[in-house]
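Single-structure report; data block below.
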Amino acid sequence: MKLGVVRFPGSCDELDALRACRLVGDAELLWHRDRDLRGVDAVVIPGGFSYGDYLRAGAIARFAPVMGAVGEFARSGGLVLGICNGFQVLCEAGLLPGALLPNLSLRFVCRQVDLVVERADTPFTRACDPGEVLSIPVKHTTGRYYAPERILDELEANGQVLLRYAEGQNPNGSLRDIAGVANERKNVFGLMPHPEHAVDPLTGSTDGARIFESIAAHVEALRRGPLAAAGGSASAVVGRGAA
Amino acid sequence: MRARVLIRPKEGILDPQGQAVERALPALGFDGVANVHVGRMVELDVDDVSRVGEMCERLLANPLIEEYEILVVER
Amino acid sequence: MRARVLIRPKEGILDPQGQAVERALPALGFDGVANVHVGRMVELDVDDVSRVGEMCERLLANPLIEEYEILVVER
Amino acid sequence: MSGGLTSSPHRELGLTDREYERIVARLGREPNGLELAVFSLMWSEHCAYKHSKKLLRRLPTEGARVVMGPGENAGAVDVGDGLVAAFKVESHNHPSAVEPFQGAATGVGGILRDVFAIGARPIAILDSLRFGELDSARSRYLLAGAVSGIGHYGNSIGVATVGGEIYFEGPYEQNCLVNAMCLGLARRDRMVRSAAAGPGNLLVLLGALTGRDGIGGASILASAELGEDGAAKRPSVQIGDPFEEKKLLECSLELVDAGLLVALQDLGAAGLSSSSSEMASKGGVGLDIDVSKVPLREPGLEPFEIMISESQERMLCVVEPAKLDAVLEVCSRWEVRATPIGSVTDTRRLRVFDGGELVGDMPVEALVDDCPLYDLEPARPAAPVYPDPPRRLADDAPADVALRALLRAPSVASKLWAFEQYDSLVGSRTVRRPQQADAAVLQLAPDGGRGALAVSIDGNGRRVACDPYTGAVEAVLECARNLACVGAEPLGLTNCLNFGNPEKPHIAWQLEQAVEGMADACRALGVAVVGGNVSLYNESGGGPIYPTPVVGMVGALPDPALAAPAGFVEEGHRIALVGPFAPDLAGSELEKLRGRLATGLPQVDLEAQAAALAFVREAVRGGAVASAHDVAEGGLAVALAECCIAGGVGARVDLAPLAERGPERALFGEGPGGVIVSGPPEAIDELARIAGAVPFLRLGEVGGDALEIDVGAATLSLRVDEARSLYEGGLPDLLQ
Ligand SMILES: Nc1ncnc2c1ncn2[C@@H]1O[C@H](COP(=O)(O)OP(=O)(O)O)[C@@H](O)[C@H]1O
Ligand SMILES: [Mg+2]
């Protein structure tokens with residue numbers, strides 16, 4: 001299995017993400033100007049300040065050549081994980097619903113938070129238990145998840161909210177305490193917390209590894225056949241692009 | 001031609017920056033201020049001003065959360 | 001009365017946001033764009049519009065690096 | 001060459017008549033405007049260290065681990081496995097007082113460039129900040145701006161800000177201090193120096209466009225044509241662009257890694273002038289620069305402006321002609337502007353051309369080495385230099401009232417409000433985050449090394465004001481103690497000397513005493529000074545700042561898993577005080593709250609201090625202790641409360657053995673040398689047994705939900721949750 005981590009000018013957490021990916025498989029960096037995803041099984045858009053986050057977080061990065069390829073990959077069912085700035089990029093690119101607004105505090109916040117796993121039957125959370133609490137850090141200025149009420153209702157109804165901040169721990173004012181959402185098909189997932197910073201007991205927590213293990217398990221299962229990948233769920237993801 | 005794009009948070013979306021300004025002004029002795037909103041302004045020289053709307057839709061504003069207004073500035 | 005304050009980096013002051021937008025637009029196929037600057041806009045209801053200049057000096061703008069313009073918006 | 005000069009422009013540029021005469025003598029003629037501008041900056045205090053250079057020679061700079069001492073952009077020490085740690089601290093005090101956000105942001109940008117200029121990847125930032133008391137709106141504004149500026153730059157560029165310190169004292173009201181330290185890692189065989197070499201090689205400017213940033217005073221040299229208000233319009237505030245620097249950083253490191261550079265140097269104060277002449281001086285060569293090739297942000301910059309512009313996010317490198325294309329290719333991939341602007345010569349002169357025209361011609365040595373160095377004329381002040389701080393606590397306030405007041409005093413209270421605004425995690429190295437332990441701990445595994453580095457920055461200016469020699473000794477000791485608490489052995493030290501006007505005898509005395517103290521402490525601990533910075537003339541209407549030597553120390557530890565946290569870990573663990581701690585109220589936070597400033601501090605026995613540090617370090621490394629925290633501001637009571645808050649558990653302790661000279665001293669007395677450790681009973685017994693000459697005092701036991709202290713007849717009790725809300729609320733409450 002091979003994961004690709006996109007590097008934009010201004011990415012900051014790409015090497016951390018690469019390290020986290022390498023705990024579960026092969027991984028390499030993908031350059032923002034490349035259109036070729038080099039046959040990776042899943043793409044990670046890492047955290048940082050792509051293009052300085054100027055204008056609006058994620059607004060400029062979404063037009064990078066590599067994002068065209070990532071879009072096609074996602075539309076063909078490939079797994080795409082966006083972390084923090086990556087989440088912002090995916091929202092700006094329309095690959096995920098909603099938008100991220102400045103934190104209510106208007107300040108950057110770096111803090112360990114507890115996250116509740118809402119769905120443990122997706123490619124990104126299948127290594128978790130439903131309701132499990134993960135300790136993972138956040139660090140951002142623009143992390144307040146927003147979508148119109150109607151869309152929020154839809155997201156909830158479709159089970160697209162995969163992670164929520166534990167009660168009283170919402171660090172940014174995200175609506176309905178949403179920390180991470182998937183697209184309808186559940187092959188694109190974005191979250192503000194940084195699972196790649198929670199894969200080493202020395203640096204605080206290993207709970208973030210679950211996200212990467214989930215991706216690896218899903219890709220392995222796909223190898224063995226679509227039915228195994230479905231893991232019993234009806235909304236199975238079949239096939240993947242650019243392999 | 002010089003164009004000026006004014007971008008503000010859509011109505012109904014919490015604007016903590018506007019609120020912060022609204023709270024800070026009375027503390028400095030400015031009363032009678034209400035309904036403060038903080039947005040962005042982009043100014044640019046363009047050959048073809050008719051394309052600015054498209055620039056807004058695609059890059060300068062995020063239509064989900066922001067509304068914009070385009071003004072042409074006489075030069 | 002509704003006032004609109006437009007705040008931009010002073011001339012000669014580095015404007016990295018403006019530069020970033022200026023570089024991004026041609027890549028999206030928008031040519032003939034130059035001299036892009038990104039600033040802020042503050043909109044507010046005020047009883048006494050004559051005090052807005054003072055508000056800018058003290059809070060809304062940073063006079064060291066920004067210049068501002070006050071517009072009164074008809075309502 | 002330039003019109004519109006007054007009769008003695010050199011004075012307006014800060015040069016004395018004698019300095020000017022010396023320049024004329026070295027040139028054999030009167031300098032033109034450009035040359036005068038360049039000389040005035042190169043011979044400024046900032047670049048030439050004319051009042052401090054002689055004094056700095058007293059600092060010990062050699063040691064087995066030293067790879068690069070003072071003189072390069074950053075100092076460097078060997079950390080094994082082919083890696084070196086490069087680090088330096090630098091001030092950005094004045095720009096931050098003018099515009100705190102941009103001032104602090106560009107301060108971080110500047111110190112990062114110093115570190116990657118030697119080919120090291122920056123892995124950590126620390127900040128050391130001083131403001132006036134928070135009842136002042138200006139101080140609140142400066143604090144908020146500086147902290148968000150540091151966060152903005154460090155977070156955006158992806159370097160973890162892992163530690164720092166903030167103090168609030170009246171004398172910083174008009175002159176805040178913003179010092180930033182950067183720590184980087186390089187492969188020893190991949191470092192690069194700043195010495196230009198090889199006549200015929202090209203000088204290439206990397207990074208941002210050049211604008212009229214920081215021309216400042218020199219704008220009097222601008223030609224008259226620019227008009228009356230031209231000078232006034234010139235922005236003096238520099239805007240930081242961390243995105244540009246991020247690209248510059250990655251690009252520079254790739255160029256170094258690929259072996260494409262002969263030399264690399266950042267552009268800091270005095271811009272092209274100082275970077276080019278220092279590169280030439282170090283290499284014993286000359287440089288020709290064509291300013292017409294320098295890419296500009298705005299039209300119409302005059303040659304002298306281009307030479308002294310302090311526009312941020314620029315680097316200068318020397319490249320062999322055959323490698324130019326490869327260099328340009330790397331730069332273009334990173335979208336970093338790269339422009340050949342000149343070449344290395346064997347003339348030993350800095351020659352400036354504007355296209356075909358020679359507009360300046362100066363001997364490199366004259367610029368770099370010939371500035372006169374001045375002797376200080378120190379004299380111990382006869383009367384107190386500083387007013388007493390405002391009184392906030394009655395002398396007869398009971399101990400529990402005093403403890404509560406101390407916990408929320410802004411200099412003591414938790415700095416969570418600030419460090420939560422910093423990304424302390426990026427890089428996957430941070431094993432101990434802010435407030436988790438006395439020093440930040442960064443593992444080397446991601447960089448292919450073993451073990452970890454520990455880093456700390458310290459300097460209590462008020463104590464230095466009470467006694468400059470001992471205060472400076474204490475700053476070094478505190479850093480070393482912080483390192484010992486996580487099991488680290490010091491490898492090297494950097495410092496920033498923030499002082500008032502050295503031409504005044506009492507300031508000169510403070511400076512000399514502090515440098516002596518720092519030097520003696522370094523010798524006693526066997527730590528070399530590998531670099532630093534000096535910031536003088538920090539005075540204004542309100543008088544001089546407290547003398548503030550800020551010390552940054554880097555150490556190494558073999559096993560990051562054993563780096564002790566500050567907080568108590570488990571009910572039933574025993575608590576002990578280790579080290580030659582002799583609590584005294586002189587210079588303490590309690591005395592400050594009571595409105596008093598001492599005029600002396602107790603002497604320190606450096607040998608005993610060094611022995612205790614080694615003992616603590618070995619105890620932590622051996623895994624004998626579960627927690628370790630040093631006793632600092634607020635004394636034992638505050639330190640114990642911090643251990644309880646961090647661990648979320650109470651403690652029962654008996655300070656009676658320390659109370660013979662009064663319970664107050666035992667509770668709130670300060671001084672170097674004390675470390676609170678905790679651990680399982682057997683481990684603490686064993687430590688007591690092997691302590692030998694190192695003072696070792698059992699204090700009590702971890703447990704319960706309150707801190708309960710016996711001090712002879714008196715007792716004191718504070719619930720841990722109340723302690724936490726005082727401690728964590730101290731700063732935000734004042735900032736509301
Ligand atoms: N207080 C000090 N202690 C030790 N070295 C110092 C001190 N101040 C300055 N230096 C050294 O003097 C040299 C020049 O410093 P500086 O002008 O700040 O360098 P830069 O221009 O690279 O920022 C550096 O090598 C620095 O480490
Ligand atoms: Mg330097």
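The way I read the labels, and the way they are meant: chains A, B, ... in the order of the structure tokens, residue 1 as the first residue of every chain, and ligand 1 as the first ligand shown, with later ones counted on from there.
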
*When DSSP works through the backbone of this structure, what residues of region 18-74 of chain B end up as strand (DSSP E or B), shown as a PyMOL selection string?*
chain B and resi 33-46+66-73

*Return as a PyMOL selection string the residues belonging to chain C that are within 10 Å of chain B, counting only C-alpha atoms.*
chain C and resi 1-8+17-18+21-22+24-25+28-49+51-52+54-55+58-60

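Neighbouring residues of region 348-363 of chain D at 6 Å or closer, counting only C-alpha atoms and skipping chain neighbours under 3 positions away, are Glu35, Val285, Gly286, Leu287, Asp288, Ile289, Asp290, Val291, Ser292 and Ala366 of chain D.
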
File of the preceding selection, C-alpha atoms, as a compact mmCIF listing (two decimals), in the first residue's frame:
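Saved the output as out30.txt:
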```
# COMPACT_ATOMS: atom_id res chain seq x y z
CA GLU D 35 29.38 55.42 1.44
CA VAL D 285 38.07 39.00 -0.57
CA GLY D 286 36.30 41.88 -2.23
CA LEU D 287 32.83 42.13 -3.73
CA ASP D 288 31.37 44.06 -6.64
CA ILE D 289 27.64 44.66 -6.42
CA ASP D 290 25.47 46.16 -9.12
CA VAL D 291 22.47 47.66 -7.38
CA SER D 292 20.65 48.10 -10.68
CA ALA D 366 37.44 49.66 7.05
```

*region 206-209 of chain A: which residues within 7 Å, counting only C-alpha atoms, same-chain residues fewer than 2 positions away excluded, as a list in words?*
Leu134, Ser135, Ile136, Pro195, Glu196, Ala198, Val199, Asp200, Pro201, Ile211, Phe212 and Glu213 of chain A

*Please extract the residues at most 8 Å from ligand 2, counting only C-alpha atoms and all ligand atoms, and provide them as a PyMOL selection string, using the chain letters and residue numbers of this document.*
chain D and resi 72-74+110-111+113-114+117+265-268+275
